[in-house]
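Printed here is data.csv (CSV, C-alpha atoms):
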chain,number,residue,atom,x,y,z
A,2,MET,CA,30.3,61.7,28.6
A,3,GLN,CA,29.5,58.3,27.2
A,4,ARG,CA,28.8,57.0,30.7
A,5,ARG,CA,26.3,59.8,31.3
A,6,ILE,CA,24.5,59.0,28.0
A,7,VAL,CA,24.2,55.4,29.0
A,8,THR,CA,22.9,56.4,32.4
A,9,LEU,CA,20.3,58.6,30.9
A,10,VAL,CA,19.2,56.0,28.5
A,11,PHE,CA,18.9,53.5,31.4
A,12,LEU,CA,16.9,55.9,33.5
A,13,ALA,CA,14.6,56.6,30.5
A,14,ALA,CA,14.1,52.9,30.0
A,15,VAL,CA,13.3,52.4,33.7
A,16,GLY,CA,10.9,55.3,33.5
A,17,VAL,CA,9.1,54.0,30.5
A,18,ALA,CA,8.9,50.6,32.1
A,19,ALA,CA,7.4,52.1,35.3
A,20,LEU,CA,4.8,54.0,33.2
A,21,ALA,CA,4.0,50.9,31.2
A,22,TYR,CA,3.3,49.0,34.4
A,23,ASP,CA,-0.1,50.6,34.8
A,24,ALA,CA,-0.9,49.9,31.2
A,25,SER,CA,0.5,46.4,31.4
A,26,VAL,CA,-0.7,43.8,28.9
A,27,ASP,CA,-0.6,40.0,29.0
A,28,VAL,CA,1.9,38.5,26.6
A,29,ALA,CA,1.7,34.9,25.5
A,30,MET,CA,5.0,33.3,24.8
A,31,ARG,CA,5.5,29.9,23.2
A,32,TRP,CA,8.4,27.8,22.3
A,33,ARG,CA,9.0,24.4,20.9
A,34,VAL,CA,10.8,21.8,22.9
A,35,LEU,CA,12.8,19.6,20.6
A,36,PRO,CA,12.6,15.8,21.2
A,37,TYR,CA,15.8,14.3,22.6
A,38,GLN,CA,16.5,10.7,23.7
A,39,SER,CA,19.2,8.8,25.5
A,40,LEU,CA,19.9,5.1,25.5
A,41,LYS,CA,22.6,3.5,27.7
A,42,VAL,CA,23.6,0.1,28.7
A,43,ALA,CA,24.7,-0.6,32.2
A,44,GLU,CA,27.8,-2.6,32.7
A,45,ALA,CA,26.8,-6.1,33.7
A,46,GLY,CA,28.6,-8.4,36.1
A,47,ASP,CA,31.3,-7.7,38.6
A,48,GLY,CA,35.0,-7.0,38.1
A,49,PRO,CA,36.9,-4.7,35.8
A,50,SER,CA,36.5,-6.7,32.6
A,51,PRO,CA,35.4,-4.4,29.8
A,52,VAL,CA,33.9,-7.2,27.9
A,53,PHE,CA,30.2,-7.7,28.4
A,54,VAL,CA,29.3,-11.1,27.1
A,55,LEU,CA,25.8,-12.4,26.7
A,56,ARG,CA,25.7,-16.1,26.7
A,57,PRO,CA,23.8,-18.9,28.4
A,58,GLU,CA,25.2,-19.6,31.9
A,59,GLY,CA,23.9,-22.0,34.4
A,60,ALA,CA,22.1,-25.3,34.3
A,61,VAL,CA,19.4,-26.2,31.8
A,62,ALA,CA,16.1,-26.3,33.5
A,63,PRO,CA,13.8,-29.3,33.0
A,64,ASP,CA,11.8,-27.4,30.4
A,65,GLY,CA,14.9,-27.1,28.3
A,66,PHE,CA,15.6,-23.4,28.9
A,67,VAL,CA,18.4,-21.4,30.5
A,68,GLU,CA,17.2,-18.2,32.1
A,69,SER,CA,19.4,-15.1,32.3
A,70,PRO,CA,17.4,-12.7,34.5
A,71,ALA,CA,18.4,-9.0,34.0
A,72,ALA,CA,21.0,-10.1,31.5
A,73,MET,CA,21.2,-6.5,30.3
A,74,ARG,CA,20.2,-3.3,32.0
A,75,LEU,CA,19.2,-0.4,29.9
A,76,HIS,CA,18.6,3.2,30.8
A,77,VAL,CA,16.2,5.3,28.7
A,78,ALA,CA,15.7,9.1,29.0
A,79,SER,CA,13.4,10.8,26.7
A,80,ASN,CA,11.1,13.8,26.6
A,81,VAL,CA,8.8,12.3,24.0
A,82,PRO,CA,7.0,8.9,24.0
A,83,TRP,CA,9.4,6.2,22.9
A,84,GLN,CA,9.7,2.5,21.9
A,85,LEU,CA,12.6,0.2,22.5
A,86,TYR,CA,13.3,-2.3,19.8
A,87,VAL,CA,15.8,-5.2,20.1
A,88,ARG,CA,17.2,-7.5,17.5
A,89,LEU,CA,20.1,-9.8,16.9
A,90,ASP,CA,23.2,-8.4,15.2
A,91,ASP,CA,23.4,-9.4,11.5
A,92,SER,CA,26.5,-11.5,12.3
A,93,THR,CA,24.6,-13.5,14.9
A,94,PRO,CA,22.1,-15.8,13.1
A,95,LEU,CA,20.7,-17.7,16.0
A,96,ALA,CA,17.4,-19.5,16.9
A,97,GLY,CA,16.2,-20.1,20.4
A,98,LEU,CA,16.9,-16.8,22.1
A,99,GLU,CA,14.0,-14.9,23.6
A,100,ALA,CA,14.0,-11.6,25.5
A,101,ARG,CA,11.5,-10.2,28.0
A,102,CYS,CA,11.2,-6.8,29.6
A,103,GLY,CA,8.4,-6.9,32.0
A,104,GLY,CA,5.8,-8.5,29.6
A,105,SER,CA,5.9,-11.7,27.7
A,106,SER,CA,8.9,-13.1,26.0
A,107,ALA,CA,9.6,-12.3,22.4
A,108,PRO,CA,11.8,-14.4,20.1
A,109,LEU,CA,14.8,-12.5,18.8
A,110,SER,CA,16.0,-12.4,15.2
A,111,GLN,CA,17.4,-9.9,12.8
A,112,VAL,CA,14.0,-8.3,12.6
A,113,PRO,CA,13.5,-5.7,15.5
A,114,VAL,CA,10.8,-6.4,18.0
A,115,VAL,CA,9.3,-4.0,20.4
A,116,LEU,CA,10.4,-4.9,23.9
A,117,ALA,CA,9.3,-1.8,25.9
A,118,SER,CA,7.7,1.6,25.4
A,119,GLY,CA,6.9,4.5,27.6
A,120,SER,CA,6.0,8.2,27.7
A,121,HIS,CA,8.5,11.0,28.6
A,122,GLY,CA,10.8,10.5,31.5
A,123,ALA,CA,13.7,8.3,32.7
A,124,TYR,CA,13.4,4.6,32.9
A,125,ASP,CA,15.7,1.8,34.1
A,126,LEU,CA,14.9,-1.4,32.2
A,127,ALA,CA,16.0,-5.0,33.0
A,128,VAL,CA,15.9,-7.3,30.1
A,129,ASP,CA,15.7,-11.1,30.8
A,130,LEU,CA,17.1,-13.5,28.2
A,131,ARG,CA,15.9,-17.1,27.7
A,132,TRP,CA,18.0,-19.5,25.8
A,133,SER,CA,16.9,-22.8,24.3
A,134,GLY,CA,17.7,-25.0,21.3
A,135,ALA,CA,20.7,-23.9,19.2
A,136,ALA,CA,21.1,-20.8,21.4
A,137,LEU,CA,22.2,-23.1,24.3
A,138,GLY,CA,25.4,-23.8,22.4
A,139,GLU,CA,26.4,-20.2,22.1
A,140,SER,CA,29.6,-20.1,24.1
A,141,GLN,CA,31.2,-17.0,22.4
A,142,GLY,CA,28.3,-14.7,23.3
A,143,VAL,CA,25.7,-13.0,21.1
A,144,ARG,CA,25.6,-9.4,20.1
A,145,LEU,CA,22.3,-7.6,20.4
A,146,ILE,CA,21.2,-4.2,19.0
A,147,ALA,CA,18.9,-2.1,21.2
A,148,MET,CA,17.3,0.8,19.4
A,149,ILE,CA,15.3,3.6,20.8
A,150,VAL,CA,12.8,5.2,18.6
A,151,PRO,CA,10.6,8.3,19.1
A,152,GLN,CA,6.9,7.5,18.6
B,15,MET,CA,22.1,23.4,28.7
B,16,LEU,CA,18.8,22.0,29.9
B,17,ILE,CA,19.7,18.7,28.4
B,18,ALA,CA,23.0,18.7,30.1
B,19,VAL,CA,21.5,19.4,33.4
B,20,LEU,CA,18.9,16.6,33.0
B,21,LEU,CA,21.6,14.2,31.9
B,22,ALA,CA,23.8,15.1,34.8
B,23,VAL,CA,21.0,14.2,37.2
B,24,VAL,CA,20.3,11.0,35.3
B,25,SER,CA,23.8,9.9,34.9
B,26,SER,CA,24.7,10.5,38.5
B,27,ALA,CA,22.5,7.7,39.5
B,28,TRP,CA,24.4,5.4,37.2
B,29,ALA,CA,27.8,6.5,38.0
B,30,GLU,CA,28.3,3.7,40.4
B,31,VAL,CA,27.5,0.9,38.0
B,32,GLY,CA,28.9,2.5,34.8
B,33,ALA,CA,27.2,2.7,31.5
B,34,TYR,CA,27.9,3.4,27.9
B,35,GLY,CA,25.6,4.9,25.3
B,36,LEU,CA,24.8,8.2,23.7
B,37,THR,CA,22.3,11.0,23.7
B,38,VAL,CA,21.0,12.7,20.6
B,39,SER,CA,19.6,16.2,20.9
B,40,ILE,CA,16.9,15.9,18.3
B,41,THR,CA,15.1,12.8,17.3
B,42,GLN,CA,12.7,14.1,14.7
B,43,PHE,CA,13.0,16.7,11.9
B,44,ARG,CA,10.2,18.1,9.9
B,45,LEU,CA,11.8,20.1,7.1
B,46,ALA,CA,9.8,22.3,4.7
B,47,ALA,CA,11.4,22.5,1.3
B,48,GLU,CA,10.6,23.6,-2.2
B,49,PRO,CA,11.3,21.5,-5.2
B,50,GLU,CA,14.9,21.7,-6.5
B,51,SER,CA,16.2,23.3,-3.3
B,52,ASP,CA,18.5,22.3,-0.4
B,53,VAL,CA,17.4,22.1,3.2
B,54,SER,CA,19.7,21.3,6.1
B,55,GLY,CA,19.5,20.1,9.6
B,56,SER,CA,21.8,19.5,12.5
B,57,PHE,CA,21.8,17.6,15.8
B,58,VAL,CA,24.2,17.0,18.6
B,59,VAL,CA,25.5,13.6,19.8
B,60,LEU,CA,26.6,13.7,23.4
B,61,ASN,CA,28.7,11.3,25.4
B,62,ASP,CA,28.1,12.1,29.1
B,63,GLU,CA,29.9,9.1,30.5
B,64,PRO,CA,33.5,9.0,31.7
B,65,ARG,CA,34.7,6.8,28.9
B,66,SER,CA,35.1,7.2,25.2
B,67,VAL,CA,32.4,6.0,22.8
B,68,ASP,CA,32.8,5.0,19.2
B,69,PHE,CA,29.8,5.7,17.0
B,70,THR,CA,28.7,5.7,13.4
B,71,VAL,CA,25.9,7.5,11.6
B,72,LEU,CA,23.9,5.4,9.2
B,73,VAL,CA,21.2,6.4,6.7
B,74,VAL,CA,18.3,4.1,7.0
B,75,ASP,CA,14.9,3.7,5.4
B,76,TRP,CA,12.0,2.9,7.7
B,77,ASP,CA,8.3,2.3,7.4
B,78,GLU,CA,5.4,1.6,9.7
B,79,ASP,CA,2.8,-1.2,9.6
B,80,SER,CA,-0.8,-0.7,10.4
B,81,ASP,CA,-0.1,-1.2,14.2
B,82,GLY,CA,2.4,1.7,14.1
B,83,VAL,CA,5.3,-0.8,14.5
B,84,LEU,CA,8.6,0.4,12.9
B,85,ARG,CA,10.3,-1.6,10.2
B,86,THR,CA,13.7,-0.7,8.9
B,87,VAL,CA,14.0,-1.6,5.3
B,88,SER,CA,16.3,-1.2,2.3
B,89,GLY,CA,16.0,2.0,0.3
B,90,GLU,CA,14.3,0.4,-2.7
B,91,CYS,CA,11.2,-0.7,-0.7
B,92,VAL,CA,9.9,2.6,0.6
B,93,GLU,CA,8.1,4.4,-2.2
B,94,ARG,CA,8.4,7.9,-0.7
B,95,SER,CA,11.9,7.5,0.7
B,96,CYS,CA,14.2,10.5,0.5
B,97,ALA,CA,17.3,8.6,1.5
B,98,MET,CA,18.8,9.2,-1.9
B,99,TRP,CA,18.4,13.0,-1.4
B,100,LEU,CA,20.2,12.9,1.9
B,101,GLU,CA,23.8,13.8,2.4
B,102,ALA,CA,25.3,13.2,5.8
B,103,ASP,CA,28.7,12.5,7.2
B,104,THR,CA,28.5,8.7,7.8
B,105,ARG,CA,32.1,8.2,9.0
B,106,ALA,CA,33.0,6.6,12.3
B,107,PHE,CA,33.5,9.0,15.1
B,108,ARG,CA,35.0,8.8,18.6
B,109,LEU,CA,33.7,10.9,21.4
B,110,ALA,CA,35.9,11.5,24.4
B,111,PRO,CA,34.4,11.5,27.8
B,112,PHE,CA,31.8,14.3,28.2
B,113,GLU,CA,32.4,15.4,24.6
B,114,GLU,CA,29.7,16.3,22.1
B,115,LEU,CA,29.7,16.5,18.4
B,116,ALA,CA,27.3,18.3,16.0
B,117,VAL,CA,26.2,16.1,13.0
B,118,ASP,CA,25.0,18.1,10.0
B,119,PHE,CA,23.0,16.8,7.1
B,120,THR,CA,21.6,18.3,3.9
B,121,VAL,CA,18.6,17.1,1.9
B,122,ARG,CA,18.8,18.0,-1.8
B,123,VAL,CA,15.2,18.0,-3.1
B,124,PRO,CA,14.9,17.2,-6.8
B,125,PRO,CA,12.5,19.0,-9.1
B,126,HIS,CA,8.9,17.9,-9.8
B,127,VAL,CA,8.2,16.3,-6.4
B,128,SER,CA,5.5,17.1,-3.9
B,129,GLY,CA,4.1,15.8,-0.6
B,130,THR,CA,5.9,14.2,2.3
B,131,TYR,CA,9.1,12.1,1.9
B,132,TRP,CA,10.9,10.5,4.7
B,133,THR,CA,14.1,8.7,5.8
B,134,GLY,CA,16.1,8.3,8.9
B,135,LEU,CA,19.6,8.5,10.5
B,136,ILE,CA,20.7,6.0,13.0
B,137,VAL,CA,23.4,6.9,15.6
B,138,ARG,CA,24.9,3.6,16.6
B,139,ALA,CA,27.2,3.5,19.7
B,140,ASP,CA,29.5,0.7,18.6
B,141,SER,CA,30.9,-1.6,21.2
B,142,THR,CA,32.8,-4.8,21.6
B,143,ARG,CA,30.4,-5.6,24.3
B,144,GLY,CA,27.3,-7.7,23.9
B,145,VAL,CA,24.9,-4.8,23.2
B,146,ALA,CA,25.2,-2.0,20.8
B,147,THR,CA,22.8,0.9,21.2
B,148,GLU,CA,21.1,2.8,18.4
B,149,SER,CA,19.0,6.0,18.3
B,150,LEU,CA,16.7,6.6,15.3
B,151,ILE,CA,16.3,10.1,14.1
B,152,ARG,CA,13.3,10.5,11.8
B,153,ILE,CA,13.6,13.0,9.0
B,154,PHE,CA,10.5,14.2,7.2
B,155,VAL,CA,10.6,16.5,4.2
B,156,ASP,CA,7.4,18.3,3.2
B,157,VAL,CA,7.3,19.7,-0.3
B,158,PRO,CA,4.2,21.8,-1.2
B,159,PRO,CA,1.5,21.4,-2.2
B,160,ALA,CA,0.3,19.4,0.7
B,161,PRO,CA,-3.2,18.1,0.2
B,162,LEU,CA,-4.8,16.4,3.2
B,163,ARG,CA,-7.4,13.7,2.9
B,164,ALA,CA,-8.2,10.8,5.3
B,165,ALA,CA,-11.0,8.3,5.7
B,166,VAL,CA,-12.2,5.9,8.3
B,167,VAL,CA,-12.1,2.5,6.5
B,168,SER,CA,-13.6,0.4,9.2
B,169,LEU,CA,-14.8,0.5,12.8
B,170,SER,CA,-15.4,-2.4,15.1
B,171,VAL,CA,-16.5,-2.8,18.7
B,172,LEU,CA,-14.1,-5.2,20.5
B,173,ALA,CA,-15.6,-5.2,24.0
B,174,LEU,CA,-18.5,-3.6,25.9
B,175,SER,CA,-17.1,-3.4,29.4
B,176,PRO,CA,-14.7,-1.7,29.5
B,177,PHE,CA,-15.7,-0.3,26.1
B,178,ARG,CA,-13.1,-0.9,23.4
B,179,VAL,CA,-13.2,-0.1,19.7
B,180,VAL,CA,-10.7,-0.3,16.9
B,181,ALA,CA,-10.8,1.7,13.7
B,182,ARG,CA,-8.7,1.6,10.6
B,183,VAL,CA,-7.9,5.1,9.4
B,184,ALA,CA,-6.3,5.7,6.0
B,185,ASN,CA,-4.3,8.6,4.7
B,186,LEU,CA,-5.4,8.9,1.1
B,187,GLU,CA,-2.9,11.6,0.1
B,188,THR,CA,0.8,12.1,-0.3
B,189,SER,CA,1.3,14.3,2.7
B,190,CYS,CA,2.0,13.0,6.2
B,191,LEU,CA,-0.7,13.6,8.8
B,192,TYR,CA,1.5,14.4,11.8
B,193,ASP,CA,-1.1,14.9,14.5
B,194,VAL,CA,-4.3,12.9,14.1
B,195,GLN,CA,-6.6,13.2,17.1
B,196,GLY,CA,-9.6,11.0,17.6
B,197,LEU,CA,-12.6,11.0,19.8
B,198,VAL,CA,-15.0,8.1,20.5
B,199,THR,CA,-18.6,8.9,21.4
B,200,VAL,CA,-21.4,6.6,22.4
B,201,GLU,CA,-24.9,7.9,22.2
B,202,GLY,CA,-27.8,6.0,23.8
B,203,ALA,CA,-31.5,6.1,22.8
B,204,ALA,CA,-32.2,8.6,25.6
B,205,GLY,CA,-29.6,11.0,24.1
B,206,ASP,CA,-27.1,10.3,26.8
B,207,VAL,CA,-23.5,10.6,25.5
B,208,ALA,CA,-20.3,9.2,26.8
B,209,SER,CA,-16.9,9.9,25.1
B,210,CYS,CA,-13.2,9.3,25.4
B,211,ALA,CA,-10.2,10.7,23.5
B,212,LEU,CA,-7.7,8.6,21.7
B,213,LEU,CA,-4.0,9.1,21.9
B,214,PRO,CA,-2.7,11.3,19.0
B,215,PHE,CA,-0.9,9.5,16.3
B,216,ARG,CA,0.9,10.0,13.0
B,217,LEU,CA,-0.3,8.7,9.7
B,218,LEU,CA,2.3,8.4,6.9
B,219,PRO,CA,1.2,9.2,3.4
B,220,GLN,CA,-0.8,6.5,1.7
B,221,HIS,CA,-0.7,4.4,4.9
B,222,ALA,CA,-3.5,3.0,7.1
B,223,ARG,CA,-3.4,2.6,10.8
B,224,ASP,CA,-5.4,0.5,13.2
B,225,VAL,CA,-6.2,2.7,16.2
B,226,GLU,CA,-7.7,1.3,19.4
B,227,GLY,CA,-9.7,3.2,21.9
B,228,VAL,CA,-10.3,2.0,25.4
B,229,ALA,CA,-12.8,3.9,27.5
B,230,PRO,CA,-12.8,3.9,31.3
B,231,TRP,CA,-16.5,3.1,31.2
B,232,GLY,CA,-18.6,0.3,29.8
B,233,LEU,CA,-21.9,-0.3,28.1
B,234,GLU,CA,-23.8,-2.4,30.7
B,235,SER,CA,-27.4,-1.3,30.2
B,236,ALA,CA,-29.5,-3.0,27.6
B,237,GLY,CA,-30.3,-0.9,24.6
B,238,THR,CA,-29.2,0.4,21.3
B,239,TYR,CA,-26.3,2.7,21.0
B,240,ILE,CA,-24.6,4.6,18.2
B,241,VAL,CA,-20.8,4.5,18.4
B,242,ARG,CA,-19.0,7.2,16.5
B,243,LEU,CA,-15.3,7.7,16.0
B,244,VAL,CA,-14.3,11.2,14.9
B,245,PHE,CA,-10.8,12.1,13.7
B,246,ASP,CA,-9.3,15.6,13.3
B,247,TYR,CA,-6.3,15.4,11.1
B,248,GLY,CA,-5.7,19.1,10.5
B,249,ALA,CA,-7.8,19.6,7.4
B,250,ASP,CA,-10.9,21.8,7.2
B,251,ALA,CA,-13.2,18.8,7.6
B,252,LEU,CA,-13.3,15.9,10.1
B,253,VAL,CA,-13.7,12.3,9.2
B,254,ALA,CA,-15.9,9.8,11.1
B,255,GLY,CA,-17.2,6.3,11.2
B,256,GLN,CA,-20.1,4.9,13.1
B,257,VAL,CA,-21.7,1.6,14.0
B,258,VAL,CA,-24.8,0.7,15.8
B,259,VAL,CA,-24.5,-1.6,18.8
B,260,HIS,CA,-27.3,-3.6,20.5
B,261,VAL,CA,-26.7,-4.6,24.1
B,262,PRO,CA,-29.0,-7.4,25.0

Spell out the structure here as structure tokens.
Amino acid sequence: MQRRIVTLVFLAAVGVAALAYDASVDVAMRWRVLPYQSLKVAEAGDGPSPVFVLRPEGAVAPDGFVESPAAMRLHVASNVPWQLYVRLDDSTPLAGLEARCGGSSAPLSQVPVVLASGSHGAYDLAVDLRWSGAALGESQGVRLIAMIVPQ
Amino acid sequence: MLIAVLLAVVSSAWAEVGAYGLTVSITQFRLAAEPESDVSGSFVVLNDEPRSVDFTVLVVDWDEDSDGVLRTVSGECVERSCAMWLEADTRAFRLAPFEELAVDFTVRVPPHVSGTYWTGLIVRADSTRGVATESLIRIFVDVPPAPLRAAVVSLSVLALSPFRVVARVANLETSCLYDVQGLVTVEGAAGDVASCALLPFRLLPQHARDVEGVAPWGLESAGTYIVRLVFDYGADALVAGQVVVHVP
């Protein structure tokens, strides 16, 4: 009995839908896409070591700098325009470290600097580091904070 | 679900090199609230990598300078901060591989306030490695009434070809202007008009912003032109500024 009622209701609904086809109307639907973001750091270097150390390595160039090309690789995924800020960790007071991500170098301190920005999409970013002065003596490695911010 | 699919595609490309970091499901909240009421929000933190991630949630005050650059500051410095109204779980968490966690927060709005107040939450993926990652989640709380008033403070032409202008726009009220849209028009003596739209921007309460417009065309013919910059910020009226430019 219950199955028969369900069948009748279903057939009635299909019939109404079929009748409504001729008198169809346009319906506008809208929904809000919430902004989401993802920021990841790729493992740098070879080998299984879980410790990712950022420190000057290699010879000092005649201009007094040590370059670390692509010292960190970041991956950004966002569905809204974004900015990437980078700063030194509070426990790492250090002068003489600069970072570059495609553009010109920016000196790093505890105040965040904009290193990259973009619209929605997925981005792989290579950040170069440039060491000079006191930063050349950083043998333990520095700690950086990379922050993604919706615009 | 959509986010999970997108992230699966994205993370597959990185599976070979390995990565750590987090995804947050919502990066901006606009909460409407009455005085002396509570309003809540929630977002999801997702670890879609095959290793555990430790993270913490921090309450942070932030502000923007006239170029739109973010500054994170202490709570005492931002006049319209609502950090003190915010209750969030700021413990340290650990997410297992491919695990997600909902983070809830509540804003307790005090009596006798109106306009827009703001603060933020930072989700920090802690790591012993050389880089920690953070995601800023902006939180705006709008308490009525919300008067809207803006003004063009200055307008300068930076270059003729390609044509570049910069305008300083000020939000004179206590409500945030979330979506300010601008249009540059240049009118010649013969009535010919060229225009270009500016990128939409946000203008915090009682803040000013320097907005630059770059047109894909230039003013190369000699003559006198009227340059107008018109902004629509959601109120009944528009605001505009104009200057006269002589091209020798």

Chain A residues near chain B (7 Å cut-off, all atoms listed in the file) as a PyMOL selection string: chain A and resi 35-44+52-55+143-151

Å distance separating atom CA of Ala204 of chain B from atom CA of Gly237 of chain B, one decimal place: 9.7 Å

Residue contacts of Ala96 of chain A (8 Å, only C-alpha atoms) excluding same-chain residues fewer than 3 positions away, as a compact mmCIF listing (two decimals) with C-alpha atoms, in the coordinates of the input:
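Final output, saved to around_37.txt:
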# COMPACT_ATOMS: atom_id res chain seq x y z
CA LEU A 109 14.80 -12.50 18.80
CA SER A 110 16.00 -12.40 15.20
CA GLY A 134 17.70 -25.00 21.30
CA ALA A 135 20.70 -23.90 19.20
CA ALA A 136 21.10 -20.80 21.40

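Ranking A:Ala29, A:Leu89, A:Ser140, A:Leu98 by their shortest atom-to-atom distance to Val112 of chain A, with all atoms listed in the file included, puts A:Leu89 first.
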
Within 7 Å of Glu201 of chain B using all atoms listed in the file, minus same-chain residues under 6 positions, as an NGL selection string: :B and (207-208 or 239-241)

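What separates atom CA of Pro113 of chain A from atom CA of Ala60 of chain A is a distance of 28.5 Å.
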
Separation of atom CA of Arg108 of chain B from atom CA of Pro64 of chain B, in Å and rounded to one decimal: 13.2 Å

Residue with smallest distance to Phe66 of chain A - pool A:Ser92, A:Ser105, A:Gln141, A:Ser133, counting only C-alpha atoms: A:Ser133

Nearest to Pro176 of chain B, chosen from B:Ala222, B:Val253, B:Ala229, B:Leu115, with all atoms listed in the file counted in the distances: B:Ala229

Test item: residues at most 7 Å from Leu109 of chain B, all atoms listed in the file, excluding those fewer than 5 positions along its chain, as a ChimeraX atom specification: /B:61,66-68,114

Expected answer as a PyMOL selection string: all residues with atoms within 8 Å of (-31.2, -0.1, 21.4), only C-alpha atoms: chain B and resi 202-203+236-239+259-261

Near-Asp81 of chain B list (8 Å; all atoms listed in the file; drop same-chain fewer than 3 positions) as a ChimeraX atom specification: /B:78,223-225

Keeping only C-alpha atoms, write those residues as a PDB file, in the coordinates of the input.
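Saved as again-v6.pdb:
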ATOM      1  CA  GLU B  78       5.400   1.600   9.700  1.00  0.00           C
ATOM      2  CA  ARG B 223      -3.400   2.600  10.800  1.00  0.00           C
ATOM      3  CA  ASP B 224      -5.400   0.500  13.200  1.00  0.00           C
ATOM      4  CA  VAL B 225      -6.200   2.700  16.200  1.00  0.00           C
TER       5      VAL B 225
END

Residues within 7 Å of (14.9, -1.4, 33.3), counting all atoms listed in the file, listed as a list in words: Arg74, Leu75, His76, Tyr124, Asp125, Leu126, Ala127 and Val128 of chain A
